[in-house]
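**Q** work-v6.pdb is reproduced below (PDB, C-alpha atoms).
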ATOM      1  CA  MET A   1       4.828  20.190 -71.822
ATOM      2  CA  LYS A   2       8.585  20.346 -72.061
ATOM      3  CA  PHE A   3      11.327  17.781 -71.489
ATOM      4  CA  ILE A   4      14.576  17.718 -69.567
ATOM      5  CA  GLY A   5      16.570  14.950 -71.234
ATOM      6  CA  ASP A   6      14.966  11.690 -72.338
ATOM      7  CA  LEU A   7      13.288  10.612 -69.099
ATOM      8  CA  ILE A   8      11.939  13.797 -67.506
ATOM      9  CA  SER A   9       8.755  15.568 -68.601
ATOM     10  CA  VAL A  10       7.706  18.893 -67.078
ATOM     11  CA  LYS A  11       4.280  20.501 -67.063
ATOM     12  CA  ASP A  12       4.351  23.968 -65.552
ATOM     13  CA  SER A  13       1.155  25.908 -64.998
ATOM     14  CA  LYS A  14       0.196  28.824 -62.797
ATOM     15  CA  ASP A  15      -1.281  26.595 -60.088
ATOM     16  CA  GLN A  16       1.197  23.733 -60.019
ATOM     17  CA  LEU A  17       4.416  22.219 -61.296
ATOM     18  CA  SER A  18       4.271  18.580 -62.315
ATOM     19  CA  ILE A  19       7.382  16.549 -63.185
ATOM     20  CA  VAL A  20       7.468  12.885 -64.191
ATOM     21  CA  ILE A  21      10.651  10.822 -64.310
ATOM     22  CA  SER A  22      10.017   7.708 -66.350
ATOM     23  CA  GLY A  23      11.531   4.389 -65.378
ATOM     24  CA  ILE A  24      10.139   2.577 -68.391
ATOM     25  CA  GLY A  25      12.925   0.849 -70.254
ATOM     26  CA  GLN A  26      13.422  -0.143 -73.832
ATOM     27  CA  ARG A  27      11.875  -3.362 -75.104
ATOM     28  CA  TRP A  28      15.147  -5.329 -75.048
ATOM     29  CA  GLU A  29      15.761  -4.296 -71.407
ATOM     30  CA  LYS A  30      12.350  -5.622 -70.386
ATOM     31  CA  ILE A  31      13.010  -8.906 -72.214
ATOM     32  CA  VAL A  32      16.413  -9.346 -70.573
ATOM     33  CA  LEU A  33      14.957  -8.661 -67.120
ATOM     34  CA  ALA A  34      12.049 -11.054 -67.753
ATOM     35  CA  VAL A  35      14.409 -13.829 -68.891
ATOM     36  CA  TRP A  36      16.739 -13.214 -65.960
ATOM     37  CA  SER A  37      13.840 -13.273 -63.463
ATOM     38  CA  THR A  38      12.476 -16.486 -64.997
ATOM     39  CA  ILE A  39      15.848 -18.232 -64.801
ATOM     40  CA  TRP A  40      16.297 -16.956 -61.240
ATOM     41  CA  LEU A  41      12.849 -18.361 -60.359
ATOM     42  CA  LEU A  42      13.748 -21.757 -61.851
ATOM     43  CA  VAL A  43      17.013 -21.872 -59.909
ATOM     44  CA  GLY A  44      15.109 -21.039 -56.728
ATOM     45  CA  GLY A  45      12.567 -23.766 -57.476
ATOM     46  CA  TYR A  46      15.372 -26.287 -57.863
ATOM     47  CA  PHE A  47      16.901 -25.326 -54.505
ATOM     48  CA  ILE A  48      13.496 -25.390 -52.780
ATOM     49  CA  GLN A  49      13.086 -28.920 -54.127
ATOM     50  CA  GLN A  50      16.563 -29.756 -52.754
ATOM     51  CA  LEU A  51      15.557 -28.407 -49.345
ATOM     52  CA  PHE A  52      12.729 -30.949 -49.069
ATOM     53  CA  SER A  53      14.622 -33.904 -50.524
ATOM     54  CA  GLU A  54      16.679 -36.478 -48.632
ATOM     55  CA  GLY A  55      20.083 -35.231 -47.565
ATOM     56  CA  GLU A  56      22.439 -34.324 -44.791
ATOM     57  CA  ARG A  57      21.535 -31.677 -42.266
ATOM     58  CA  GLN A  58      24.527 -29.450 -43.167
ATOM     59  CA  TYR A  59      23.566 -29.519 -46.835
ATOM     60  CA  LYS A  60      19.987 -28.486 -45.994
ATOM     61  CA  LEU A  61      21.305 -25.671 -43.813
ATOM     62  CA  PHE A  62      23.465 -24.459 -46.716
ATOM     63  CA  VAL A  63      20.454 -24.609 -49.059
ATOM     64  CA  LEU A  64      18.320 -22.698 -46.549
ATOM     65  CA  VAL A  65      20.921 -19.917 -46.211
ATOM     66  CA  PHE A  66      21.300 -19.824 -50.000
ATOM     67  CA  LEU A  67      17.515 -19.513 -50.385
ATOM     68  CA  CYS A  68      17.502 -16.488 -48.066
ATOM     69  CA  PHE A  69      19.955 -14.728 -50.392
ATOM     70  CA  TRP A  70      18.045 -16.030 -53.402
ATOM     71  CA  ALA A  71      14.761 -14.570 -52.083
ATOM     72  CA  PHE A  72      16.342 -11.148 -51.485
ATOM     73  CA  TYR A  73      17.755 -10.951 -55.010
ATOM     74  CA  PHE A  74      14.568 -12.335 -56.547
ATOM     75  CA  PHE A  75      12.656  -9.548 -54.817
ATOM     76  CA  LYS A  76      15.162  -6.997 -56.181
ATOM     77  CA  ALA A  77      14.924  -8.470 -59.704
ATOM     78  CA  MET A  78      11.135  -8.298 -59.651
ATOM     79  CA  GLN A  79      11.246  -4.728 -58.348
ATOM     80  CA  MET A  80      13.432  -3.748 -61.285
ATOM     81  CA  PHE A  81      11.285  -5.647 -63.752
ATOM     82  CA  PHE A  82       8.146  -3.789 -62.611
ATOM     83  CA  TRP A  83      10.044  -0.454 -62.529
ATOM     84  CA  ARG A  84      11.126  -0.942 -66.164
ATOM     85  CA  LEU A  85       7.679  -2.199 -67.156
ATOM     86  CA  ALA A  86       5.566   0.660 -65.771
ATOM     87  CA  GLY A  87       7.524   2.629 -63.171
ATOM     88  CA  TYR A  88       7.781   6.363 -62.751
ATOM     89  CA  GLN A  89       8.444   9.004 -60.133
ATOM     90  CA  SER A  90       6.198  12.021 -59.979
ATOM     91  CA  ILE A  91       7.156  15.304 -58.327
ATOM     92  CA  ARG A  92       4.445  17.934 -57.911
ATOM     93  CA  ILE A  93       4.424  21.303 -56.248
ATOM     94  CA  VAL A  94       0.855  22.270 -55.470
ATOM     95  CA  ASP A  95       0.110  25.277 -53.255
ATOM     96  CA  ASP A  96       2.619  25.005 -50.394
ATOM     97  CA  LYS A  97       3.305  21.272 -50.732
ATOM     98  CA  LEU A  98       5.863  19.188 -52.607
ATOM     99  CA  ILE A  99       4.470  15.719 -53.334
ATOM    100  CA  LEU A 100       6.776  12.826 -54.264
ATOM    101  CA  ARG A 101       5.079   9.771 -55.719
ATOM    102  CA  ASN A 102       6.853   6.540 -56.646
ATOM    103  CA  PHE A 103       5.126   3.909 -58.731
ATOM    104  CA  SER A 104       6.827   0.617 -59.496
ATOM    105  CA  GLY A 105       3.972  -1.182 -61.185
ATOM    106  CA  ILE A 106       2.287  -2.508 -58.048
ATOM    107  CA  LYS A 107       1.244   0.177 -55.575
ATOM    108  CA  PRO A 108       2.130   3.874 -55.608
ATOM    109  CA  LYS A 109       3.849   5.369 -52.582
ATOM    110  CA  GLU A 110       3.259   9.043 -51.975
ATOM    111  CA  LYS A 111       4.831  11.441 -49.483
ATOM    112  CA  THR A 112       3.993  15.087 -48.929
ATOM    113  CA  TYR A 113       6.432  17.759 -47.740
ATOM    114  CA  PHE A 114       5.646  21.377 -46.894
ATOM    115  CA  VAL A 115       7.824  23.816 -48.860
ATOM    116  CA  HIS A 116       8.404  25.966 -45.765
ATOM    117  CA  ASN A 117      10.240  23.016 -44.183
ATOM    118  CA  ILE A 118      12.489  22.300 -47.180
ATOM    119  CA  GLU A 119      15.938  23.653 -46.413
ATOM    120  CA  ARG A 120      18.119  23.171 -49.481
ATOM    121  CA  MET A 121      18.226  21.284 -52.767
ATOM    122  CA  GLU A 122      21.383  19.323 -53.673
ATOM    123  CA  VAL A 123      22.661  17.368 -56.653
ATOM    124  CA  LEU A 124      24.673  14.207 -56.048
ATOM    125  CA  ALA A 125      28.191  14.830 -57.319
ATOM    126  CA  MET A 126      29.622  11.812 -59.098
ATOM    127  CA  LYS A 127      32.386  11.508 -61.657
ATOM    128  CA  ASP A 128      31.129  10.446 -65.081
ATOM    129  CA  LYS A 129      33.911   7.876 -65.520
ATOM    130  CA  SER A 130      33.673   6.264 -62.054
ATOM    131  CA  LEU A 131      32.835   2.613 -61.416
ATOM    132  CA  ASN A 132      29.917   3.628 -59.197
ATOM    133  CA  ARG A 133      28.463   5.748 -61.984
ATOM    134  CA  ALA A 134      28.829   2.905 -64.497
ATOM    135  CA  TYR A 135      27.137   0.380 -62.194
ATOM    136  CA  TYR A 136      24.251   2.604 -61.116
ATOM    137  CA  SER A 137      23.593   3.694 -64.709
ATOM    138  CA  GLY A 138      22.819   0.113 -65.757
ATOM    139  CA  PHE A 139      19.288  -0.880 -66.642
ATOM    140  CA  TRP A 140      19.350  -3.740 -64.103
ATOM    141  CA  VAL A 141      19.380  -1.396 -61.085
ATOM    142  CA  LYS A 142      17.082   1.480 -60.208
ATOM    143  CA  GLY A 143      20.127   3.659 -59.777
ATOM    144  CA  LEU A 144      21.235   6.364 -57.458
ATOM    145  CA  LYS A 145      18.848   9.105 -56.599
ATOM    146  CA  MET A 146      20.577  12.165 -58.017
ATOM    147  CA  VAL A 147      18.706  15.016 -56.296
ATOM    148  CA  SER A 148      17.985  15.541 -52.610
ATOM    149  CA  PHE A 149      16.634  18.093 -50.188
ATOM    150  CA  TYR A 150      16.465  18.414 -46.418
ATOM    151  CA  HIS A 151      13.041  18.390 -44.785
ATOM    152  CA  LYS A 152      13.058  19.045 -41.038
ATOM    153  CA  GLY A 153      16.709  17.946 -40.935
ATOM    154  CA  LYS A 154      16.101  14.654 -42.741
ATOM    155  CA  LYS A 155      17.656  14.081 -46.163
ATOM    156  CA  ILE A 156      15.121  13.106 -48.846
ATOM    157  CA  ASP A 157      16.589  11.575 -52.040
ATOM    158  CA  PHE A 158      14.749  11.293 -55.353
ATOM    159  CA  ALA A 159      15.193  11.341 -59.152
ATOM    160  CA  PRO A 160      16.776   7.944 -59.922
ATOM    161  CA  GLN A 161      18.948   7.246 -62.962
ATOM    162  CA  ILE A 162      19.189  10.686 -64.455
ATOM    163  CA  SER A 163      22.350  12.388 -65.637
ATOM    164  CA  THR A 164      24.179  15.045 -63.637
ATOM    165  CA  ASN A 165      23.089  17.746 -66.115
ATOM    166  CA  GLU A 166      19.455  16.644 -65.887
ATOM    167  CA  ALA A 167      19.754  16.624 -62.087
ATOM    168  CA  ARG A 168      21.108  20.192 -62.078
ATOM    169  CA  ALA A 169      18.306  21.409 -64.343
ATOM    170  CA  LEU A 170      15.693  19.616 -62.228
ATOM    171  CA  SER A 171      17.161  20.989 -59.001
ATOM    172  CA  GLN A 172      17.152  24.571 -60.335
ATOM    173  CA  LEU A 173      13.577  24.265 -61.579
ATOM    174  CA  LEU A 174      12.359  22.890 -58.246
ATOM    175  CA  SER A 175      14.315  25.457 -56.218
ATOM    176  CA  LYS A 176      12.755  28.353 -58.166
ATOM    177  CA  ARG A 177       9.261  26.918 -57.785
ATOM    178  CA  ILE A 178       9.740  26.281 -54.054
ATOM    179  CA  VAL A 179      10.810  29.920 -53.530
ATOM    180  CA  LYS A 180       7.739  31.025 -55.496
ATOM    181  CA  ALA A 181       5.450  28.774 -53.399
ATOM    182  CA  ARG A 182       6.969  30.066 -50.143
ATOM    183  CA  LYS A 183       6.300  33.669 -51.174
ATOM    184  CA  ALA A 184       2.752  32.892 -52.256
ATOM    185  CA  PHE A 185       1.903  31.118 -48.974
ATOM    186  CA  ALA A 186       3.932  33.190 -46.493
TER     187      ALA A 186
END
Rewrite the structure of this file - the entire thing - as structure tokens.
**A**
Amino acid sequence: MKFIGDLISVKDSKDQLSIVISGIGQRWEKIVLAVWSTIWLLVGGYFIQQLFSEGERQYKLFVLVFLCFWAFYFFKAMQMFFWRLAGYQSIRIVDDKLILRNFSGIKPKEKTYFVHNIERMEVLAMKDKSLNRAYYSGFWVKGLKMVSFYHKGKKIDFAPQISTNEARALSQLLSKRIVKARKAFA
């Protein structure tokens, strides 16, 4: 097994290529996300209590709208917490198929793509000193997906929170293996 950067492990054999991009964070990141989620849950509990207490109709409407936003961001916070706790993305090329599997600690989602239908591999170009790059590199977001390919005209993004250099290396490795799989199953 070899590694591309800190988060990507590669296992290349004759029959298949298996790549795992780890989403597991450091201990302090998990603690911060757990504390943040707990505080967010307590704030939501307070506003739910306010919704069912005595008060004016306009105030309850405001609380209801606020709770809609609260629920969305609570869902996002929990997604990130589970991603940092046990999340990973797996990319496998087996025979003539590329299999992308995302696991965020709850239920894995897997999609299969035939290599003959993959048109081109791209790396997301982003300046290292940009605000977007700084935000999406934070541990509190899953981050931008840095590599993509086109499958039957549809753009498929993957490989979250990796550096541009890691994305280039990953893209080259996958491109070579896809060409090899196409030739083997032509």
**Q** Convert the output of the PyMOL selection byres ((chain A and resi 90) around 8) on the shown file into explicit residues, formatted as a list in words.
**A**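 Given this file, the PyMOL selection byres ((chain A and resi 90) around 8) evaluates to Ser18, Ile19, Val20, Ile21, Tyr88, Gln89, Ile91, Arg92, Ile99, Leu100, Arg101 and Asn102 of chain A.
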**Q** I'd like to see the residues matched by the PyMOL selection byres ((chain A and resi 33-36) around 9) on this file, and ideally I'd get them as a CSV table (one decimal) with C-alpha atoms, in the frame of the given file.
**A**
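The resulting selection.csv:
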chain,number,residue,atom,x,y,z
A,28,TRP,CA,15.1,-5.3,-75.0
A,29,GLU,CA,15.8,-4.3,-71.4
A,30,LYS,CA,12.4,-5.6,-70.4
A,31,ILE,CA,13.0,-8.9,-72.2
A,32,VAL,CA,16.4,-9.3,-70.6
A,37,SER,CA,13.8,-13.3,-63.5
A,38,THR,CA,12.5,-16.5,-65.0
A,39,ILE,CA,15.8,-18.2,-64.8
A,40,TRP,CA,16.3,-17.0,-61.2
A,41,LEU,CA,12.8,-18.4,-60.4
A,77,ALA,CA,14.9,-8.5,-59.7
A,78,MET,CA,11.1,-8.3,-59.7
A,80,MET,CA,13.4,-3.7,-61.3
A,81,PHE,CA,11.3,-5.6,-63.8
A,84,ARG,CA,11.1,-0.9,-66.2
A,139,PHE,CA,19.3,-0.9,-66.6
A,140,TRP,CA,19.4,-3.7,-64.1
**Q** Pick from A:Val94, A:Val179, A:Ala184, A:Gln172: nearest to Ile4 in chain A, with only C-alpha atoms counted?
**A**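 Nearest candidate to Ile4 in chain A out of A:Val94, A:Val179, A:Ala184, A:Gln172: A:Gln172.
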**Q** What lies within 8 Å of Phe103 in chain A using all atoms listed in the file, ignoring chain neighbours under 3 positions off, as a list in words?
**A**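 With the cut-off at 8 Å, the set is Trp83, Ala86, Gly87, Tyr88, Gln89, Ile106, Lys107, Pro108 and Lys109 of chain A.
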**Q** Tell me, in Å to one decimal, how far CA of Arg168 in chain A is from CA of Phe185 in chain A.
**A**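 Separating CA of Arg168 in chain A from CA of Phe185 in chain A is a distance of 25.7 Å.
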